[in-house]
Amino acid sequence: MTATQAPGIKSVNIREALTRKQRNPAGVALHVALVLSMLFALLVLFTLIGQVMVKGIPMLTNRGTGFLTGTIGSEPTKIGLWPGLYGSFFIGLGVIVFAFPVGIAAAIYLEEYSKQGPLARFVRINIRNLAGVPAVIFGVLGLIIFVQWLDPVTKGETVVAAALTLSVLVLPIVIITASEAIRAVPQGLREAGYGVGATKWEVTRDMTLPYAAPGILTGLVLSVARALGEAAPLILVGAITGLLPRTGLTERFTALPILIYNWSGRPGRPGKVDWENAAAGAALLLLLLVFLFNVVAVVLRTRFERRRSGL
Amino acid sequence: MKQGAPHTVDNEQTSDSPLRGLSVPVSGTADANQAASTVFDIKDLSVFYGDFRAVRDVTLTIRQLEVTAFIGPSGCGKTTVLRCLNRMNDFIESARIEGSVLYHDVDLYDPAVNATEVRRRIGMVFQKPNPFPKSIYDNVAYGPRLLGTRSKSELDGIVEESLRGAALWAEVKDRLKQSGTGLSGGQQQRLCIARAIAVQPEVILMDEPCSALDPIATARIEDLMTEIKQKYTIVIVTHNMQQAARVSDRTAFFTTEINLQGDRRTGRLVEFDETRKIFSMPSDERTEAYVTGRFG
């Protein structure tokens with residue numbers, strides 16, 4: 001049999017052809033650009049964290065727990081962020097109590113129960129649009145609905161009104177991420193449930209939700225982190241930037257992002273422990289809170305995932 | 001083979017009675033020597049997905065304690081028809097049917113019929129083994145628990161009996177708490193069969209149950225089928241003609257027709273008869289072409 005050579009391959013030296021060094025300048029350039037982009041992103045992140053730590057840690061080490069339990073005032077060496085912690089805690093709790101169940105229920109309805117027609121599509125598109133509405137607009141909404149209309153319930157400009165406002169703000173995120181997690185559940189799993197005579201609710205409860213749990217959880221963490229970090233809507237629903245004598249559910253309120261915003265705007269006294277240290281300390285604590293929340297979520301997620309693999 | 005007297009179905013009398021409250025022979029208790037009675041009576045069934053007619057004019061009867069095979073080329077609608085038998089097509093929103101599917105003379109598509117109850121009596125084993133992401137024990141116990149069995153000892157009994165019934169007990173009895181998804185493909189499929197029989201259905205629908213399995217696992221499932229047909233009426237969809245010939249009593253041959261524009265295929269039933277007739281002397285030449293391997 002005579003080897004017929006493919007057209008274009010003239011060289012008999014296959015080794016040479018295969019090992020010849022290739023030049024691909026566009027590929028190399030792309031590679032470099034990708035690495036630089038990543039480095040830039042990391043640089044920004046580490047600068048931020050580094051700054052916050054350098055400025056914030058003295059506040060925590062010098063004042064110790066005093067910085068956590070003290071209240072806001074006019075002297076940066078004496079203030080504490082207790083009212084901010086209090087407000088942020090109840091905002092986070094509010095989101096968990098209001099936005100989680102409502103958002104997950106809405107996602108279950110959209111994915112499992114509603115007819116998948118044009119109406120459902122319309123609703124879905126609008127939920128996506130809501131997720132893109134600027135936070136300050138939700139602040140206006142909160143001011144009108146939760147502070148003014150629902151004053152008998154929320155007692156006006158309180159942490160309850162703030163928690164409700166931020167719950168509404170993160171609701172689209174919860175719905176979208178939960179919907180996506182539910183949609184990713186294999187149809188075969190649902191059919192397996194139906195096949196042994198499970199009802200729709202039983203299939204949703206026993207098959208769909210456990211399988212979707214890790215994905216839903218990711219959305220929940222994102223939404224709480226978002227709620228804890230928002231300042232703009234809180235200003236509109238009446239967060240206090242000055243003195244706050246009492247903390248309580250029916251009192252005026254403030255939150256960590258508000259303290260950061262307020263303190264970082266005050267004039268500095270170079271060389272001394274200052275407002276900027278206080279702001280950095282508060283930022284550090286906020287980052288820590290979000291980080292802790294993520295840790296809890298990762299632990300839960302791992303547990304859900306293990307259960308998903310059947311153990 | 002069981003050759004029952006030609007049965008008649010009185011539509012007027014029964015088509016409006018809902019499924020609940022109707023006395024249906026409990027699986028396993030029917031006398032196998034008795035002339036096989038009709039379980040499903042399918043009349044002029046067409047299935048549509050939106051405007052598209054996927055299958056048309058299927059008329060056939062499925063008898064008790066027999067294995068009925070649906071064979072035919074891809075896209076001929078055999079799975080579609082199978083999924084009508086326990087209302088599994090309900091989950092495809094655009095799907096609707098014309099004609100009637102009578103189960104013990106009850107129209108399964110009567111609005112009064114509870115589809116969940118239908119699926120409890122008419123179990124299903126799917127093409128791809130789909131055990132729940134739960135332990136082997138919980139896979140089998142899930143159905144009985146839904147039906148209200150709470151007692152541990154009772155559940156233990158059902159789990160063992162079902163796993164024995166699916167010829168899986170010996171392999172898994174020491175690791176019932178392990179994940180069902182960790183089993184091999186063939187074991188998973190037998191687990192799915194165990195799960196199906198745990199709720200004591202009357203009928204088990206099998207949608208190409210061996211297509212994802214190797215020949216040895218396939219042989220085990222086939223043996224299992226001939227064994228459990230003592231107790232259950234089985235309808236199996238298969239691509240594998242030898243499998244149909246080996247395990248089934250009756251065979252329905254489906255084929256596809258292409259419309260005039262040549263862009264849409266509609267499945268239709270060509271011939272339905274005893275399996276040995278279908279494979280030795282089919283009355284339709286398309287069946288003959290298919291079973292002799294000249295087409296499809």
# chains A, B, ... in the order shown; residues from 1 in each chain; ligands from 1
call {"tool": "closest_atom_pairs", "arguments": {"of": "chain B", "to": "chain A", "cutoff": "7 Å", "atoms": "only C-alpha atoms", "output": "CSV"}}
result
residue,atom,partner,partner_atom,distance
B:Thr116,CA,A:Gly197,CA,5.1
B:Glu117,CA,A:Gly197,CA,6.3
B:Arg119,CA,A:Gly197,CA,4.9
B:Arg120,CA,A:Gly197,CA,4.2
B:Gly123,CA,A:Gly195,CA,5.6
B:Met124,CA,A:Gly195,CA,5.4
B:Asn130,CA,A:Leu189,CA,6.3
B:Phe132,CA,A:Leu189,CA,6.7
B:Pro133,CA,A:Gly310,CA,4.1
B:Lys134,CA,A:Gly310,CA,4.0
B:Ser135,CA,A:Gly310,CA,5.7
B:Gly143,CA,A:Val196,CA,5.6
B:Leu146,CA,A:Ala198,CA,7.0
B:Gln178,CA,A:Leu311,CA,6.5
B:Ser179,CA,A:Gly310,CA,4.6
B:Gly180,CA,A:Gly310,CA,6.7
B:Thr181,CA,A:Gly310,CA,6.7
B:Ala196,CA,A:Val196,CA,6.1
B:Val199,CA,A:Val196,CA,7.0
call {"tool": "write_last_selection", "arguments": {"atoms": "C-alpha atoms", "output": "CSV table (one decimal), in the first residue's frame"}}
result
chain,number,residue,atom,x,y,z
B,116,THR,CA,-51.8,11.5,41.8
B,117,GLU,CA,-54.0,8.5,42.6
B,119,ARG,CA,-49.8,7.4,39.4
B,120,ARG,CA,-50.0,5.5,42.6
B,123,GLY,CA,-46.1,3.1,38.6
B,124,MET,CA,-43.3,4.1,36.3
B,130,ASN,CA,-33.4,8.3,38.6
B,132,PHE,CA,-33.9,9.9,44.7
B,133,PRO,CA,-30.8,11.5,46.3
B,134,LYS,CA,-31.6,9.7,49.5
B,135,SER,CA,-30.5,6.4,51.1
B,143,GLY,CA,-43.8,6.1,48.5
B,146,LEU,CA,-46.5,9.2,51.6
B,178,GLN,CA,-26.0,4.4,51.9
B,179,SER,CA,-26.9,6.6,49.0
B,180,GLY,CA,-29.1,5.2,46.2
B,181,THR,CA,-27.2,7.3,43.7
B,196,ALA,CA,-42.2,1.5,42.1
B,199,VAL,CA,-46.5,1.3,46.7
call {"tool": "select_by_dssp", "arguments": {"residues": "stretch 42-233 of chain B", "states": "alpha helix (DSSP H)", "output": "ChimeraX atom specification"}}
result
/B:78-84,115-121,136-146,152-165,169-172,185-197,215-228
call {"tool": "residues_around", "arguments": {"residues": "A:Pro267", "least_positions_apart": "5", "cutoff": "12 Å", "atoms": "only C-alpha atoms", "output": "JSON list (two decimals) with N, CA and C atoms, in the first residue's frame"}}
result
[["chain", "number", "residue", "atom", "x", "y", "z"],
["A", 74, "SER", "N", -19.87, 63.06, 69.75],
["A", 74, "SER", "CA", -19.14, 64.09, 69.03],
["A", 74, "SER", "C", -17.63, 63.98, 69.20],
["A", 75, "GLU", "N", -17.18, 63.00, 69.96],
["A", 75, "GLU", "CA", -15.75, 62.87, 70.21],
["A", 75, "GLU", "C", -15.25, 61.52, 69.66],
["A", 76, "PRO", "N", -14.45, 61.55, 68.61],
["A", 76, "PRO", "CA", -14.07, 60.30, 67.93],
["A", 76, "PRO", "C", -13.33, 59.32, 68.82],
["A", 262, "ASN", "N", -21.40, 58.77, 57.60],
["A", 262, "ASN", "CA", -21.40, 59.98, 58.42],
["A", 262, "ASN", "C", -20.01, 60.30, 58.94],
["A", 274, "ASP", "N", -9.02, 59.45, 64.97],
["A", 274, "ASP", "CA", -9.87, 60.42, 64.31],
["A", 274, "ASP", "C", -11.14, 59.76, 63.78],
["A", 275, "TRP", "N", -11.97, 60.59, 63.20],
["A", 275, "TRP", "CA", -13.21, 60.09, 62.61],
["A", 275, "TRP", "C", -12.93, 59.04, 61.54],
["A", 276, "GLU", "N", -11.87, 59.27, 60.80],
["A", 276, "GLU", "CA", -11.61, 58.30, 59.72],
["A", 276, "GLU", "C", -11.26, 56.93, 60.29],
["A", 277, "ASN", "N", -10.63, 56.91, 61.49],
["A", 277, "ASN", "CA", -10.38, 55.62, 62.13],
["A", 277, "ASN", "C", -11.69, 54.98, 62.58]]
call {"tool": "residues_around", "arguments": {"residues": "stretch 258-272 of chain B", "least_positions_apart": "3", "cutoff": "10 Å", "atoms": "only C-alpha atoms", "output": "VMD selection string"}}
result
chain B and resid 45 to 48 52 to 61 68 to 78 80 to 81 250 to 255 275 277 to 278 282 to 287
call {"tool": "residues_around", "arguments": {"residues": "B:Lys229", "least_positions_apart": "3", "cutoff": "7 Å", "atoms": "only C-alpha atoms", "output": "list in words"}}
result
Leu65, Glu66, Val67, Met225, Thr226, Tyr232, Thr233 and Ile234 of chain B
call {"tool": "select_by_dssp", "arguments": {"residues": "stretch 1-181 of chain B", "states": "strand (DSSP E or B)", "output": "JSON, numbers by chain"}}
result
{"B": [38, 39, 40, 41, 42, 43, 44, 45, 46, 47, 48, 49, 52, 53, 54, 55, 56, 57, 58, 59, 60, 61, 62, 63, 67, 68, 69, 70, 71, 95, 96, 97, 98, 99, 100, 101, 102, 103, 106, 107, 122, 123, 124, 125, 135, 179]}
call {"tool": "write_last_selection", "arguments": {"atoms": "C-alpha atoms", "output": "PDB file, in the first residue's frame"}}
result
ATOM      1  CA  THR B  38     -58.461  -5.687  30.265  1.00  0.00           C
ATOM      2  CA  VAL B  39     -56.549  -3.089  32.272  1.00  0.00           C
ATOM      3  CA  PHE B  40     -56.233  -0.351  29.687  1.00  0.00           C
ATOM      4  CA  ASP B  41     -58.493   0.212  26.757  1.00  0.00           C
ATOM      5  CA  ILE B  42     -57.036   2.885  24.516  1.00  0.00           C
ATOM      6  CA  LYS B  43     -59.361   4.184  21.801  1.00  0.00           C
ATOM      7  CA  ASP B  44     -58.403   6.473  18.918  1.00  0.00           C
ATOM      8  CA  LEU B  45     -55.778   8.188  21.039  1.00  0.00           C
ATOM      9  CA  SER B  46     -53.985  11.150  19.522  1.00  0.00           C
ATOM     10  CA  VAL B  47     -51.480  13.208  21.478  1.00  0.00           C
ATOM     11  CA  PHE B  48     -50.698  16.804  20.597  1.00  0.00           C
ATOM     12  CA  TYR B  49     -47.882  19.062  21.671  1.00  0.00           C
ATOM     13  CA  PHE B  52     -48.347  19.387  16.529  1.00  0.00           C
ATOM     14  CA  ARG B  53     -49.875  15.942  16.520  1.00  0.00           C
ATOM     15  CA  ALA B  54     -47.169  13.618  17.830  1.00  0.00           C
ATOM     16  CA  VAL B  55     -49.166  10.390  17.669  1.00  0.00           C
ATOM     17  CA  ARG B  56     -52.460   9.622  16.061  1.00  0.00           C
ATOM     18  CA  ASP B  57     -55.179   7.042  16.192  1.00  0.00           C
ATOM     19  CA  VAL B  58     -53.810   4.555  18.643  1.00  0.00           C
ATOM     20  CA  THR B  59     -56.269   1.841  19.593  1.00  0.00           C
ATOM     21  CA  LEU B  60     -55.137  -1.053  21.712  1.00  0.00           C
ATOM     22  CA  THR B  61     -55.915  -2.948  24.874  1.00  0.00           C
ATOM     23  CA  ILE B  62     -53.529  -3.941  27.635  1.00  0.00           C
ATOM     24  CA  ARG B  63     -54.381  -7.018  29.611  1.00  0.00           C
ATOM     25  CA  VAL B  67     -46.159  -7.792  29.447  1.00  0.00           C
ATOM     26  CA  THR B  68     -47.068  -5.501  26.585  1.00  0.00           C
ATOM     27  CA  ALA B  69     -44.195  -4.090  24.534  1.00  0.00           C
ATOM     28  CA  PHE B  70     -44.251  -0.920  22.442  1.00  0.00           C
ATOM     29  CA  ILE B  71     -41.638  -1.074  19.694  1.00  0.00           C
ATOM     30  CA  ALA B  95     -49.559  18.385  25.728  1.00  0.00           C
ATOM     31  CA  ARG B  96     -53.193  17.349  25.276  1.00  0.00           C
ATOM     32  CA  ILE B  97     -54.949  14.269  24.028  1.00  0.00           C
ATOM     33  CA  GLU B  98     -57.882  13.305  21.893  1.00  0.00           C
ATOM     34  CA  GLY B  99     -59.595   9.962  22.123  1.00  0.00           C
ATOM     35  CA  SER B 100     -59.805   8.030  25.339  1.00  0.00           C
ATOM     36  CA  VAL B 101     -57.643   6.047  27.715  1.00  0.00           C
ATOM     37  CA  LEU B 102     -59.828   3.800  29.843  1.00  0.00           C
ATOM     38  CA  TYR B 103     -58.327   2.201  32.924  1.00  0.00           C
ATOM     39  CA  VAL B 106     -62.584   4.726  33.937  1.00  0.00           C
ATOM     40  CA  ASP B 107     -61.550   7.491  31.586  1.00  0.00           C
ATOM     41  CA  ILE B 122     -49.757   2.896  37.755  1.00  0.00           C
ATOM     42  CA  GLY B 123     -46.087   3.110  38.641  1.00  0.00           C
ATOM     43  CA  MET B 124     -43.274   4.053  36.334  1.00  0.00           C
ATOM     44  CA  VAL B 125     -39.657   3.166  35.686  1.00  0.00           C
ATOM     45  CA  SER B 135     -30.497   6.448  51.065  1.00  0.00           C
ATOM     46  CA  SER B 179     -26.943   6.643  48.987  1.00  0.00           C
TER      47      SER B 179
END
call {"tool": "atom_distance", "arguments": {"atom1": "atom CA of B:Val159", "atom2": "atom CA of B:Val140"}}
result
5.8 Å
call {"tool": "residues_around", "arguments": {"residues": "A:Leu169", "least_positions_apart": "4", "cutoff": "10 Å", "atoms": "only C-alpha atoms", "output": "VMD selection string"}}
result
chain A and resid 95 99 130 to 139 141 to 142 163 to 165 173 to 174 223 226 to 227 230 233
call {"tool": "write_last_selection", "arguments": {"atoms": "C-alpha atoms", "output": "PDB file, in the first residue's frame"}}
result
ATOM      1  CA  VAL A  95     -34.608  40.476  55.661  1.00  0.00           C
ATOM      2  CA  ALA A  99     -37.662  38.616  52.243  1.00  0.00           C
ATOM      3  CA  LEU A 130     -36.805  45.472  39.745  1.00  0.00           C
ATOM      4  CA  ALA A 131     -33.428  43.998  40.624  1.00  0.00           C
ATOM      5  CA  GLY A 132     -31.860  46.777  38.571  1.00  0.00           C
ATOM      6  CA  VAL A 133     -33.798  49.660  40.147  1.00  0.00           C
ATOM      7  CA  PRO A 134     -31.424  51.991  42.058  1.00  0.00           C
ATOM      8  CA  ALA A 135     -31.525  51.542  45.814  1.00  0.00           C
ATOM      9  CA  VAL A 136     -32.476  55.139  46.463  1.00  0.00           C
ATOM     10  CA  ILE A 137     -35.754  54.591  44.598  1.00  0.00           C
ATOM     11  CA  PHE A 138     -36.563  51.808  47.036  1.00  0.00           C
ATOM     12  CA  GLY A 139     -35.818  54.361  49.747  1.00  0.00           C
ATOM     13  CA  LEU A 141     -40.894  53.631  48.242  1.00  0.00           C
ATOM     14  CA  GLY A 142     -40.036  52.760  51.828  1.00  0.00           C
ATOM     15  CA  ALA A 163     -35.921  46.330  57.552  1.00  0.00           C
ATOM     16  CA  LEU A 164     -39.102  46.223  55.472  1.00  0.00           C
ATOM     17  CA  THR A 165     -37.666  48.651  52.930  1.00  0.00           C
ATOM     18  CA  ILE A 173     -32.501  39.033  44.116  1.00  0.00           C
ATOM     19  CA  VAL A 174     -33.973  36.301  46.283  1.00  0.00           C
ATOM     20  CA  SER A 223     -29.225  39.405  49.495  1.00  0.00           C
ATOM     21  CA  ARG A 226     -26.581  43.596  50.010  1.00  0.00           C
ATOM     22  CA  ALA A 227     -29.072  44.669  52.676  1.00  0.00           C
ATOM     23  CA  GLU A 230     -27.013  49.669  51.770  1.00  0.00           C
ATOM     24  CA  PRO A 233     -32.470  53.894  51.217  1.00  0.00           C
TER      25      PRO A 233
END
call {"tool": "atom_distance", "arguments": {"atom1": "atom CA of A:Lys272", "atom2": "atom CA of A:Gly229"}}
result
27.7 Å
call {"tool": "atom_distance", "arguments": {"atom1": "atom CA of A:Val290", "atom2": "atom CA of A:Ala225"}}
result
5.7 Å
call {"tool": "residues_around", "arguments": {"residues": "A:Leu222", "least_positions_apart": "4", "cutoff": "12 Å", "atoms": "only C-alpha atoms", "output": "list in words"}}
result
Gly92, Val95, Ile96, Phe100, Val170, Leu171, Pro172, Ile173, Val174, Ile175, Ile176, Thr177, Ala178, Gly215, Ile216, Leu217, Thr218, Arg226, Ala227, Leu228, Gly229, Val290, Phe291, Phe293, Asn294 and Ala297 of chain A
call {"tool": "closest_residue", "arguments": {"among": "B:Ala141, B:Leu168, B:Val237, B:Met88", "to": "B:Arg220", "atoms": "only C-alpha atoms"}}
result
B:Leu168
call {"tool": "decode", "arguments": {"residues": "stretch 94-132 of chain B", "atoms": "N, CA and C atoms", "output": "PDB file, in the first residue's frame"}}
result
ATOM      1  N   SER B  94     -47.964  21.973  27.063  1.00  0.00           N
ATOM      2  CA  SER B  94     -48.664  22.081  25.788  1.00  0.00           C
ATOM      3  C   SER B  94     -49.307  20.758  25.377  1.00  0.00           C
ATOM      4  N   ALA B  95     -49.064  19.694  26.153  1.00  0.00           N
ATOM      5  CA  ALA B  95     -49.559  18.385  25.728  1.00  0.00           C
ATOM      6  C   ALA B  95     -51.058  18.247  25.995  1.00  0.00           C
ATOM      7  N   ARG B  96     -51.788  17.687  25.038  1.00  0.00           N
ATOM      8  CA  ARG B  96     -53.193  17.349  25.276  1.00  0.00           C
ATOM      9  C   ARG B  96     -53.524  16.129  24.438  1.00  0.00           C
ATOM     10  N   ILE B  97     -54.612  15.481  24.770  1.00  0.00           N
ATOM     11  CA  ILE B  97     -54.949  14.269  24.028  1.00  0.00           C
ATOM     12  C   ILE B  97     -56.339  14.374  23.421  1.00  0.00           C
ATOM     13  N   GLU B  98     -56.546  13.560  22.399  1.00  0.00           N
ATOM     14  CA  GLU B  98     -57.882  13.305  21.893  1.00  0.00           C
ATOM     15  C   GLU B  98     -58.073  11.803  21.954  1.00  0.00           C
ATOM     16  N   GLY B  99     -59.338  11.379  21.958  1.00  0.00           N
ATOM     17  CA  GLY B  99     -59.595   9.962  22.123  1.00  0.00           C
ATOM     18  C   GLY B  99     -59.687   9.633  23.588  1.00  0.00           C
ATOM     19  N   SER B 100     -59.628   8.353  23.928  1.00  0.00           N
ATOM     20  CA  SER B 100     -59.805   8.030  25.339  1.00  0.00           C
ATOM     21  C   SER B 100     -58.840   6.951  25.798  1.00  0.00           C
ATOM     22  N   VAL B 101     -58.460   7.061  27.055  1.00  0.00           N
ATOM     23  CA  VAL B 101     -57.643   6.047  27.715  1.00  0.00           C
ATOM     24  C   VAL B 101     -58.470   5.550  28.892  1.00  0.00           C
ATOM     25  N   LEU B 102     -59.021   4.339  28.759  1.00  0.00           N
ATOM     26  CA  LEU B 102     -59.828   3.800  29.843  1.00  0.00           C
ATOM     27  C   LEU B 102     -58.980   2.861  30.677  1.00  0.00           C
ATOM     28  N   TYR B 103     -59.019   3.077  31.998  1.00  0.00           N
ATOM     29  CA  TYR B 103     -58.327   2.201  32.924  1.00  0.00           C
ATOM     30  C   TYR B 103     -59.410   1.538  33.757  1.00  0.00           C
ATOM     31  N   HIS B 104     -59.571   0.252  33.602  1.00  0.00           N
ATOM     32  CA  HIS B 104     -60.702  -0.460  34.210  1.00  0.00           C
ATOM     33  C   HIS B 104     -61.995   0.312  33.972  1.00  0.00           C
ATOM     34  N   ASP B 105     -62.178   0.701  32.733  1.00  0.00           N
ATOM     35  CA  ASP B 105     -63.390   1.386  32.289  1.00  0.00           C
ATOM     36  C   ASP B 105     -63.547   2.815  32.811  1.00  0.00           C
ATOM     37  N   VAL B 106     -62.524   3.329  33.504  1.00  0.00           N
ATOM     38  CA  VAL B 106     -62.584   4.726  33.937  1.00  0.00           C
ATOM     39  C   VAL B 106     -61.731   5.547  32.981  1.00  0.00           C
ATOM     40  N   ASP B 107     -62.310   6.628  32.479  1.00  0.00           N
ATOM     41  CA  ASP B 107     -61.550   7.491  31.586  1.00  0.00           C
ATOM     42  C   ASP B 107     -60.502   8.251  32.407  1.00  0.00           C
ATOM     43  N   LEU B 108     -59.218   7.972  32.144  1.00  0.00           N
ATOM     44  CA  LEU B 108     -58.158   8.591  32.937  1.00  0.00           C
ATOM     45  C   LEU B 108     -58.133  10.099  32.766  1.00  0.00           C
ATOM     46  N   TYR B 109     -58.677  10.581  31.660  1.00  0.00           N
ATOM     47  CA  TYR B 109     -58.638  12.017  31.403  1.00  0.00           C
ATOM     48  C   TYR B 109     -59.947  12.703  31.768  1.00  0.00           C
ATOM     49  N   ASP B 110     -60.810  11.982  32.481  1.00  0.00           N
ATOM     50  CA  ASP B 110     -61.990  12.597  33.076  1.00  0.00           C
ATOM     51  C   ASP B 110     -61.524  13.657  34.069  1.00  0.00           C
ATOM     52  N   PRO B 111     -62.084  14.859  34.006  1.00  0.00           N
ATOM     53  CA  PRO B 111     -61.628  15.919  34.928  1.00  0.00           C
ATOM     54  C   PRO B 111     -61.753  15.529  36.402  1.00  0.00           C
ATOM     55  N   ALA B 112     -62.649  14.611  36.697  1.00  0.00           N
ATOM     56  CA  ALA B 112     -62.828  14.223  38.098  1.00  0.00           C
ATOM     57  C   ALA B 112     -61.718  13.295  38.581  1.00  0.00           C
ATOM     58  N   VAL B 113     -60.910  12.779  37.643  1.00  0.00           N
ATOM     59  CA  VAL B 113     -59.892  11.806  38.030  1.00  0.00           C
ATOM     60  C   VAL B 113     -58.705  12.521  38.673  1.00  0.00           C
ATOM     61  N   ASN B 114     -58.250  11.964  39.786  1.00  0.00           N
ATOM     62  CA  ASN B 114     -57.110  12.507  40.515  1.00  0.00           C
ATOM     63  C   ASN B 114     -55.828  11.865  39.973  1.00  0.00           C
ATOM     64  N   ALA B 115     -55.006  12.677  39.278  1.00  0.00           N
ATOM     65  CA  ALA B 115     -53.837  12.123  38.594  1.00  0.00           C
ATOM     66  C   ALA B 115     -52.830  11.507  39.567  1.00  0.00           C
ATOM     67  N   THR B 116     -52.757  12.054  40.769  1.00  0.00           N
ATOM     68  CA  THR B 116     -51.838  11.500  41.771  1.00  0.00           C
ATOM     69  C   THR B 116     -52.227  10.072  42.122  1.00  0.00           C
ATOM     70  N   GLU B 117     -53.533   9.871  42.281  1.00  0.00           N
ATOM     71  CA  GLU B 117     -54.035   8.532  42.595  1.00  0.00           C
ATOM     72  C   GLU B 117     -53.767   7.578  41.423  1.00  0.00           C
ATOM     73  N   VAL B 118     -53.894   8.108  40.209  1.00  0.00           N
ATOM     74  CA  VAL B 118     -53.599   7.304  39.022  1.00  0.00           C
ATOM     75  C   VAL B 118     -52.158   6.814  39.080  1.00  0.00           C
ATOM     76  N   ARG B 119     -51.235   7.724  39.389  1.00  0.00           N
ATOM     77  CA  ARG B 119     -49.813   7.365  39.364  1.00  0.00           C
ATOM     78  C   ARG B 119     -49.439   6.453  40.515  1.00  0.00           C
ATOM     79  N   ARG B 120     -50.245   6.459  41.566  1.00  0.00           N
ATOM     80  CA  ARG B 120     -49.984   5.528  42.650  1.00  0.00           C
ATOM     81  C   ARG B 120     -50.308   4.102  42.207  1.00  0.00           C
ATOM     82  N   ARG B 121     -51.359   3.974  41.411  1.00  0.00           N
ATOM     83  CA  ARG B 121     -51.752   2.636  40.947  1.00  0.00           C
ATOM     84  C   ARG B 121     -50.961   2.209  39.727  1.00  0.00           C
ATOM     85  N   ILE B 122     -50.467   3.197  38.989  1.00  0.00           N
ATOM     86  CA  ILE B 122     -49.757   2.896  37.755  1.00  0.00           C
ATOM     87  C   ILE B 122     -48.348   3.471  37.887  1.00  0.00           C
ATOM     88  N   GLY B 123     -47.440   2.654  38.348  1.00  0.00           N
ATOM     89  CA  GLY B 123     -46.087   3.110  38.641  1.00  0.00           C
ATOM     90  C   GLY B 123     -45.267   3.244  37.370  1.00  0.00           C
ATOM     91  N   MET B 124     -44.082   3.826  37.528  1.00  0.00           N
ATOM     92  CA  MET B 124     -43.274   4.053  36.334  1.00  0.00           C
ATOM     93  C   MET B 124     -41.795   3.871  36.631  1.00  0.00           C
ATOM     94  N   VAL B 125     -41.110   3.285  35.657  1.00  0.00           N
ATOM     95  CA  VAL B 125     -39.657   3.166  35.686  1.00  0.00           C
ATOM     96  C   VAL B 125     -39.152   3.885  34.446  1.00  0.00           C
ATOM     97  N   PHE B 126     -38.176   4.765  34.646  1.00  0.00           N
ATOM     98  CA  PHE B 126     -37.805   5.676  33.578  1.00  0.00           C
ATOM     99  C   PHE B 126     -36.583   5.189  32.802  1.00  0.00           C
ATOM    100  N   GLN B 127     -36.372   5.850  31.681  1.00  0.00           N
ATOM    101  CA  GLN B 127     -35.266   5.483  30.797  1.00  0.00           C
ATOM    102  C   GLN B 127     -33.930   5.607  31.510  1.00  0.00           C
ATOM    103  N   LYS B 128     -33.737   6.767  32.127  1.00  0.00           N
ATOM    104  CA  LYS B 128     -32.503   6.986  32.863  1.00  0.00           C
ATOM    105  C   LYS B 128     -32.794   6.651  34.315  1.00  0.00           C
ATOM    106  N   PRO B 129     -32.002   5.756  34.928  1.00  0.00           N
ATOM    107  CA  PRO B 129     -32.266   5.448  36.335  1.00  0.00           C
ATOM    108  C   PRO B 129     -32.268   6.748  37.135  1.00  0.00           C
ATOM    109  N   ASN B 130     -33.338   6.992  37.892  1.00  0.00           N
ATOM    110  CA  ASN B 130     -33.414   8.262  38.614  1.00  0.00           C
ATOM    111  C   ASN B 130     -33.756   8.046  40.082  1.00  0.00           C
ATOM    112  N   PRO B 131     -32.866   7.342  40.814  1.00  0.00           N
ATOM    113  CA  PRO B 131     -33.131   7.202  42.246  1.00  0.00           C
ATOM    114  C   PRO B 131     -33.144   8.578  42.900  1.00  0.00           C
ATOM    115  N   PHE B 132     -33.914   8.696  43.991  1.00  0.00           N
ATOM    116  CA  PHE B 132     -33.890   9.944  44.738  1.00  0.00           C
ATOM    117  C   PHE B 132     -32.510  10.110  45.363  1.00  0.00           C
TER     118      PHE B 132
END
